[in-house]
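Chemist: I am sharing upload_32.cif, which consists of mmCIF, C-alpha atoms; chains and numbers go by the auth columns:
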```cif
data_coords
#
loop_
_atom_site.group_PDB
_atom_site.id
_atom_site.type_symbol
_atom_site.label_atom_id
_atom_site.label_comp_id
_atom_site.label_asym_id
_atom_site.label_seq_id
_atom_site.Cartn_x
_atom_site.Cartn_y
_atom_site.Cartn_z
_atom_site.B_iso_or_equiv
_atom_site.auth_seq_id
_atom_site.auth_asym_id
ATOM 1 C CA ILE A 1 3.909 14.483 59.623 0.00 91 A
ATOM 2 C CA SER A 2 6.851 12.900 57.865 0.00 92 A
ATOM 3 C CA PHE A 3 8.651 9.567 57.671 0.00 93 A
ATOM 4 C CA GLN A 4 12.270 8.538 58.182 0.00 94 A
ATOM 5 C CA PHE A 5 13.674 5.077 57.539 0.00 95 A
ATOM 6 C CA GLN A 6 16.384 2.870 58.952 0.00 96 A
ATOM 7 C CA ASN A 7 17.729 -0.499 57.840 0.00 97 A
ATOM 8 C CA ALA A 8 18.509 -2.757 60.804 0.00 98 A
ATOM 9 C CA ASN A 9 20.409 -5.229 58.603 0.00 99 A
ATOM 10 C CA THR A 10 22.609 -3.321 56.151 0.00 100 A
ATOM 11 C CA THR A 11 24.844 -6.306 55.488 0.00 101 A
ATOM 12 C CA ASP A 12 22.317 -8.782 54.089 0.00 102 A
ATOM 13 C CA PHE A 13 19.485 -6.554 52.829 0.00 103 A
ATOM 14 C CA THR A 14 19.055 -3.243 51.036 0.00 104 A
ATOM 15 C CA TYR A 15 15.756 -1.341 51.019 0.00 105 A
ATOM 16 C CA THR A 16 14.597 1.329 48.606 0.00 106 A
ATOM 17 C CA VAL A 17 11.356 3.136 49.447 0.00 107 A
ATOM 18 C CA LYS A 18 9.198 3.279 46.317 0.00 108 A
ATOM 19 C CA SER A 19 6.070 4.967 47.715 0.00 109 A
ATOM 20 C CA ILE A 20 4.385 6.153 50.900 0.00 110 A
ATOM 21 C CA THR A 21 0.641 6.768 50.939 0.00 111 A
ATOM 22 C CA VAL A 22 -1.422 8.013 53.876 0.00 112 A
ATOM 23 C CA HIS A 23 -5.072 7.019 53.562 0.00 113 A
ATOM 24 C CA SER A 24 -8.296 8.457 54.943 0.00 114 A
ATOM 25 C CA TYR A 25 -7.165 11.545 56.758 0.00 115 A
ATOM 26 C CA THR A 26 -9.776 14.172 57.523 0.00 116 A
ATOM 27 C CA LYS A 27 -10.307 16.980 55.046 0.00 117 A
ATOM 28 C CA GLY A 28 -12.292 20.094 55.923 0.00 118 A
ATOM 29 C CA ASN A 29 -12.269 23.834 56.509 0.00 119 A
ATOM 30 C CA LEU A 30 -11.098 25.769 59.534 0.00 120 A
ATOM 31 C CA SER A 31 -13.109 28.653 60.901 0.00 121 A
ATOM 32 C CA LEU A 32 -11.594 31.007 63.476 0.00 122 A
ATOM 33 C CA SER A 33 -13.279 33.930 65.172 0.00 123 A
ATOM 34 C CA LYS A 34 -11.570 37.061 66.418 0.00 124 A
ATOM 35 C CA SER A 35 -12.261 38.600 69.786 0.00 125 A
ATOM 36 C CA GLY A 36 -11.265 41.801 71.497 0.00 126 A
ATOM 37 C CA ASN A 37 -11.807 45.495 71.035 0.00 127 A
ATOM 38 C CA PRO A 38 -11.901 46.474 67.330 0.00 128 A
ATOM 39 C CA SER A 39 -10.011 49.676 68.131 0.00 129 A
ATOM 40 C CA ASN A 40 -6.974 47.618 69.186 0.00 130 A
ATOM 41 C CA LEU A 41 -4.458 46.871 66.470 0.00 131 A
ATOM 42 C CA MET A 42 -4.004 43.366 67.884 0.00 132 A
ATOM 43 C CA GLN A 43 -6.909 40.978 68.358 0.00 133 A
ATOM 44 C CA THR A 44 -7.114 37.420 69.616 0.00 134 A
ATOM 45 C CA TRP A 45 -8.178 34.580 67.365 0.00 135 A
ATOM 46 C CA GLY A 46 -10.131 31.900 69.181 0.00 136 A
ATOM 47 C CA TRP A 47 -9.223 28.285 68.547 0.00 137 A
ATOM 48 C CA PRO A 48 -12.050 25.771 68.179 0.00 138 A
ATOM 49 C CA SER A 49 -12.659 23.311 70.960 0.00 139 A
ATOM 50 C CA PRO A 50 -11.858 20.440 71.094 0.00 140 A
ATOM 51 C CA ALA A 51 -8.344 20.942 69.785 0.00 141 A
ATOM 52 C CA VAL A 52 -8.737 18.199 67.208 0.00 142 A
ATOM 53 C CA TRP A 53 -10.780 18.301 64.018 0.00 143 A
ATOM 54 C CA SER A 54 -14.382 17.150 64.121 0.00 144 A
ATOM 55 C CA ASN A 55 -17.292 16.910 61.678 0.00 145 A
ATOM 56 C CA PRO A 56 -15.134 16.331 58.601 0.00 146 A
ATOM 57 C CA ASP A 57 -16.341 17.273 55.132 0.00 147 A
ATOM 58 C CA SER A 58 -14.627 14.245 53.594 0.00 148 A
ATOM 59 C CA TYR A 59 -11.652 11.926 53.806 0.00 149 A
ATOM 60 C CA GLU A 60 -8.633 11.888 51.525 0.00 150 A
ATOM 61 C CA SER A 61 -5.489 9.967 50.699 0.00 151 A
ATOM 62 C CA VAL A 62 -2.146 11.459 49.724 0.00 152 A
ATOM 63 C CA SER A 63 1.124 10.080 48.420 0.00 153 A
ATOM 64 C CA PHE A 64 4.362 11.386 49.885 0.00 154 A
ATOM 65 C CA GLN A 65 7.336 12.330 47.825 0.00 155 A
ATOM 66 C CA THR A 66 10.281 10.243 48.967 0.00 156 A
ATOM 67 C CA LEU A 67 13.963 10.841 48.517 0.00 157 A
ATOM 68 C CA PRO A 68 14.758 7.220 47.743 0.00 158 A
ATOM 69 C CA THR A 69 18.203 5.823 47.761 0.00 159 A
ATOM 70 C CA ALA A 70 19.184 2.774 49.718 0.00 160 A
ATOM 71 C CA VAL A 71 17.926 3.076 53.301 0.00 161 A
ATOM 72 C CA THR A 72 20.924 3.229 55.624 0.00 162 A
ATOM 73 C CA ASP A 73 21.531 2.079 59.174 0.00 163 A
ATOM 74 C CA ASP A 74 20.450 5.409 60.662 0.00 164 A
ATOM 75 C CA TYR A 75 17.768 8.021 60.019 0.00 165 A
ATOM 76 C CA THR A 76 19.731 10.147 57.570 0.00 166 A
ATOM 77 C CA GLY A 77 18.699 12.695 54.986 0.00 167 A
ATOM 78 C CA ASN A 78 18.544 10.195 52.134 0.00 168 A
ATOM 79 C CA SER A 79 15.934 8.082 53.886 0.00 169 A
ATOM 80 C CA LYS A 80 13.096 10.462 54.600 0.00 170 A
ATOM 81 C CA SER A 81 9.920 11.764 53.045 0.00 171 A
ATOM 82 C CA ASN A 82 8.652 15.248 52.511 0.00 172 A
ATOM 83 C CA GLU A 83 6.424 16.749 55.200 0.00 173 A
ATOM 84 C CA LEU A 84 2.650 16.971 55.091 0.00 174 A
ATOM 85 C CA PHE A 85 0.553 19.335 57.169 0.00 175 A
ATOM 86 C CA VAL A 86 -2.555 17.597 58.498 0.00 176 A
ATOM 87 C CA LEU A 87 -5.535 18.921 60.387 0.00 177 A
ATOM 88 C CA PRO A 88 -5.545 18.016 64.063 0.00 178 A
ATOM 89 C CA GLN A 89 -7.658 14.877 64.358 0.00 179 A
ATOM 90 C CA THR A 90 -8.281 11.857 66.515 0.00 180 A
ATOM 91 C CA PHE A 91 -7.548 8.535 64.855 0.00 181 A
ATOM 92 C CA ASN A 92 -10.516 6.448 63.774 0.00 182 A
ATOM 93 C CA THR A 93 -10.377 2.900 65.134 0.00 183 A
ATOM 94 C CA THR A 94 -13.314 1.368 63.253 0.00 184 A
ATOM 95 C CA GLY A 95 -15.091 1.853 59.961 0.00 185 A
ATOM 96 C CA GLN A 96 -13.896 2.615 56.468 0.00 186 A
ATOM 97 C CA ASN A 97 -12.090 5.916 57.125 0.00 187 A
ATOM 98 C CA ILE A 98 -9.270 4.609 59.319 0.00 188 A
ATOM 99 C CA GLN A 99 -6.065 6.614 59.013 0.00 189 A
ATOM 100 C CA LYS A 100 -3.335 4.272 57.793 0.00 190 A
ATOM 101 C CA VAL A 101 -0.033 4.347 55.955 0.00 191 A
ATOM 102 C CA VAL A 102 0.962 2.064 53.091 0.00 192 A
ATOM 103 C CA ILE A 103 4.690 1.802 52.345 0.00 193 A
ATOM 104 C CA VAL A 104 6.017 0.036 49.258 0.00 194 A
ATOM 105 C CA VAL A 105 9.706 -0.932 49.265 0.00 195 A
ATOM 106 C CA ASP A 106 12.061 -2.922 47.114 0.00 196 A
ATOM 107 C CA GLU A 107 13.915 -5.359 49.376 0.00 197 A
ATOM 108 C CA THR A 108 17.151 -6.665 47.875 0.00 198 A
ATOM 109 C CA ASN A 109 18.773 -9.709 49.392 0.00 199 A
ATOM 110 C CA ASN A 110 22.478 -8.859 49.115 0.00 200 A
ATOM 111 C CA VAL A 111 23.453 -12.524 49.512 0.00 201 A
ATOM 112 C CA ASN A 112 21.602 -13.907 46.482 0.00 202 A
ATOM 113 C CA GLY A 113 20.844 -10.656 44.599 0.00 203 A
ATOM 114 C CA ILE A 114 17.070 -11.207 44.505 0.00 204 A
ATOM 115 C CA THR A 115 14.865 -8.096 44.764 0.00 205 A
ATOM 116 C CA THR A 116 11.313 -8.433 46.072 0.00 206 A
ATOM 117 C CA ARG A 117 8.669 -5.703 46.098 0.00 207 A
ATOM 118 C CA ARG A 118 7.006 -5.545 49.531 0.00 208 A
ATOM 119 C CA GLU A 119 3.984 -3.590 50.735 0.00 209 A
ATOM 120 C CA PHE A 120 3.482 -2.797 54.418 0.00 210 A
ATOM 121 C CA THR A 121 0.282 -1.326 55.879 0.00 211 A
ATOM 122 C CA LYS A 122 -0.073 0.078 59.383 0.00 212 A
ATOM 123 C CA GLU A 123 -3.050 1.837 60.967 0.00 213 A
ATOM 124 C CA PHE A 124 -1.923 4.926 62.898 0.00 214 A
ATOM 125 C CA HIS A 125 -4.006 4.084 65.971 0.00 215 A
ATOM 126 C CA GLU A 126 -2.076 0.773 66.273 0.00 216 A
ATOM 127 C CA ILE A 127 1.392 2.313 66.394 0.00 217 A
ATOM 128 C CA THR A 128 1.515 3.039 70.132 0.00 218 A
ATOM 129 C CA ASP A 129 -1.059 3.308 72.904 0.00 219 A
ATOM 130 C CA ASP A 130 -0.220 6.953 73.633 0.00 220 A
ATOM 131 C CA HIS A 131 -0.326 8.094 69.989 0.00 221 A
ATOM 132 C CA THR A 132 -4.085 8.505 69.470 0.00 222 A
ATOM 133 C CA ALA A 133 -4.266 11.724 67.440 0.00 223 A
ATOM 134 C CA TRP A 134 -2.442 14.210 65.293 0.00 224 A
ATOM 135 C CA GLU A 135 -2.551 16.989 67.850 0.00 225 A
ATOM 136 C CA ILE A 136 -2.430 20.713 67.330 0.00 226 A
ATOM 137 C CA ASN A 137 1.043 22.324 67.238 0.00 227 A
ATOM 138 C CA LYS A 138 2.855 18.993 67.017 0.00 228 A
ATOM 139 C CA LYS A 139 5.342 17.812 64.440 0.00 229 A
ATOM 140 C CA ILE A 140 5.330 14.036 64.148 0.00 230 A
ATOM 141 C CA VAL A 141 8.184 12.162 62.512 0.00 231 A
ATOM 142 C CA TYR A 142 7.534 8.448 62.062 0.00 232 A
ATOM 143 C CA ASN A 143 10.867 6.640 62.432 0.00 233 A
ATOM 144 C CA ILE A 144 10.465 3.323 60.628 0.00 234 A
ATOM 145 C CA THR A 145 12.926 0.445 60.873 0.00 235 A
ATOM 146 C CA PHE A 146 13.060 -2.400 58.367 0.00 236 A
ATOM 147 C CA ASN A 147 14.310 -5.620 59.918 0.00 237 A
ATOM 148 C CA PRO A 148 14.010 -8.818 57.875 0.00 238 A
ATOM 149 C CA THR A 149 15.298 -11.018 60.683 0.00 239 A
ATOM 150 C CA PHE A 150 12.055 -10.611 62.646 0.00 240 A
ATOM 151 C CA ASN A 151 9.403 -12.024 60.282 0.00 241 A
ATOM 152 C CA LEU A 152 9.717 -9.072 57.890 0.00 242 A
ATOM 153 C CA GLU A 153 8.063 -6.685 60.322 0.00 243 A
ATOM 154 C CA ILE A 154 8.535 -2.949 60.285 0.00 244 A
ATOM 155 C CA TYR A 155 8.620 -0.995 63.507 0.00 245 A
ATOM 156 C CA PHE A 156 7.269 2.510 64.047 0.00 246 A
ATOM 157 C CA ASP A 157 8.764 4.894 66.583 0.00 247 A
ATOM 158 C CA PRO A 158 6.985 8.273 66.337 0.00 248 A
ATOM 159 C CA ALA A 159 8.843 11.312 67.599 0.00 249 A
ATOM 160 C CA VAL A 160 6.362 13.990 68.644 0.00 250 A
ATOM 161 C CA ALA A 161 7.674 17.474 69.309 0.00 251 A
ATOM 162 C CA ALA A 162 6.083 20.854 69.903 0.00 252 A
ATOM 163 C CA TRP A 163 6.492 23.303 67.023 0.00 253 A
ATOM 164 C CA ASP A 164 8.326 25.723 69.280 0.00 254 A
ATOM 165 C CA THR A 165 11.140 23.203 69.746 0.00 255 A
ATOM 166 C CA THR A 166 13.874 24.108 67.302 0.00 256 A
ATOM 167 C CA THR A 167 16.580 21.909 65.901 0.00 257 A
ATOM 168 C CA PRO A 168 19.262 24.005 64.271 0.00 258 A
ATOM 169 C CA GLY A 169 20.671 22.884 60.972 0.00 259 A
ATOM 170 C CA PHE A 170 20.260 23.216 57.271 0.00 260 A
ATOM 171 C CA GLU A 171 20.141 21.060 54.174 0.00 261 A
ATOM 172 C CA PHE A 172 21.692 21.406 50.742 0.00 262 A
ATOM 173 C CA ASN A 173 19.394 20.377 47.887 0.00 263 A
#
```
Once you've parsed the file, please lay out its structure as structure tokens.
Modeler:
Amino acid sequence: ISFQFQNANTTDFTYTVKSITVHSYTKGNLSLSKSGNPSNLMQTWGWPSPAVWSNPDSYESVSFQTLPTAVTDDYTGNSKSNELFVLPQTFNTTGQNIQKVVIVVDETNNVNGITTRREFTKEFHEITDDHTAWEINKKIVYNITFNPTFNLEIYFDPAVAAWDTTTPGFEFN
């Protein structure tokens, strides 16, 4: 999973992402079993069923490294986080181990020059009705738009793609 940001109002407001923390994701161990004839050089590894993690050992939180500069009006390279590999898991909807993201931003009002630190929290199961799990072999990019003109809400637009889908390109660091 990773995060990209967009500023819907680049004229009046500037946003700088200060931190991104994902809370209460499942932590555990993966056990695969091989099948097939031992004399073959190639054997099949069986994947556990169901295809999402179950019976977790514990829950964790992690902070993402961001590449903060001012968030622009599109999802560009300077407004994204690093990527985190997560175990496939269904989102919890009740209890203390709900998967959620906390984003801290500095919001600068370009009209009066006042900067305000804001903290936004969103539970992953609330983002969309059809986004109920981090599924196996999926790369999920959360496209987040800051828009102060609508009661300071942030909007999530996850882009889910199979790992075998390639997007050519490269990045200079």
Chemist: Evaluate the PyMOL selection byres ((chain A and resi 109-116) around 6) on the structure here and hand back the selected residues as an MDAnalysis selection string.
Modeler: chainID A and resid 107:108 117 146 149:154 187:194
Chemist: Decode the PyMOL selection byres ((chain A and resi 93) around 8) for the given file into explicit residues and return them as a tab-separated table (two decimals) with C-alpha atoms, in the frame of the given file.
Modeler:
```tsv
chain	number	residue	atom	x	y	z
A	91	ILE	CA	3.91	14.48	59.62
A	92	SER	CA	6.85	12.90	57.86
A	94	GLN	CA	12.27	8.54	58.18
A	95	PHE	CA	13.67	5.08	57.54
A	170	LYS	CA	13.10	10.46	54.60
A	171	SER	CA	9.92	11.76	53.04
A	172	ASN	CA	8.65	15.25	52.51
A	173	GLU	CA	6.42	16.75	55.20
A	231	VAL	CA	8.18	12.16	62.51
A	232	TYR	CA	7.53	8.45	62.06
A	233	ASN	CA	10.87	6.64	62.43
A	234	ILE	CA	10.46	3.32	60.63
```
Chemist: Give me, please, the distance in Å between atom CA of Asn237 of chain A and atom CA of Ala249 of chain A, quoted to one decimal.
Modeler: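 Atom CA of Ala249 of chain A lies 19.4 Å from atom CA of Asn237 of chain A.
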Chemist: By how many Å are atom CA of Glu225 of chain A and atom CA of Ala252 of chain A apart?
Modeler: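 These atoms are spaced 9.7 Å apart.
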Chemist: For atom CA of Asp219 of chain A and atom CA of Phe236 of chain A, determine how far apart the two atoms are, in Å to one decimal place.
Modeler: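 Interatomic distance, atom CA of Asp219 of chain A to atom CA of Phe236 of chain A: 21.1 Å.
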Chemist: Can you work out which one of A:Ala223, A:Val195, A:Phe210, A:Val201 has the shortest atom-to-atom distance to Ser169 of chain A, counting only C-alpha atoms?
Modeler: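 Smallest separation from Ser169 of chain A among the options: A:Val195.
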Chemist: Considering all atoms listed in the file, state which residue in the set A:Gln96, A:Thr235, A:Thr180, A:Gln186 is at the smallest distance from Asp220 of chain A.
Modeler: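 Counting all atoms listed in the file, the residue closest to Asp220 of chain A is A:Thr180.
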Chemist: Could you tell me which of A:Lys229, A:Pro238, A:Pro248, A:Lys212 comes closest to Ala98 of chain A if we count only C-alpha atoms?
Modeler: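 Under the stated criterion, the closest residue is A:Pro238.
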Chemist: Counting all atoms listed in the file, I want the residues whose atoms come within 9 Å of (22.7, 2.2, 62.0) in the file frame, returned as a list in words.
Modeler: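 I get Gln96, Asn97, Ala98, Asn99, Thr100, Thr162, Asp163, Asp164 and Tyr165 of chain A for the residues within 9 Å of that point.
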Chemist: Name every residue that the PyMOL selection byres ((chain A and resi 228) around 8) selects in this structure, writing the answer as a list of chain:residue names with chains first and numbers rising.
Modeler: A:Trp224, A:Glu225, A:Ile226, A:Asn227, A:Lys229, A:Ile230, A:Val250, A:Ala251, A:Ala252, A:Trp253
Chemist: With C-alpha atoms retained, export the selected residues as a short mmCIF file (atom, residue, chain, number, x, y, z; two decimals), in the frame of the given file.
Modeler:
```cif
data_model
loop_
_atom_site.label_atom_id
_atom_site.label_comp_id
_atom_site.auth_asym_id
_atom_site.auth_seq_id
_atom_site.Cartn_x
_atom_site.Cartn_y
_atom_site.Cartn_z
CA TRP A 224 -2.44 14.21 65.29
CA GLU A 225 -2.55 16.99 67.85
CA ILE A 226 -2.43 20.71 67.33
CA ASN A 227 1.04 22.32 67.24
CA LYS A 229 5.34 17.81 64.44
CA ILE A 230 5.33 14.04 64.15
CA VAL A 250 6.36 13.99 68.64
CA ALA A 251 7.67 17.47 69.31
CA ALA A 252 6.08 20.85 69.90
CA TRP A 253 6.49 23.30 67.02
#
```
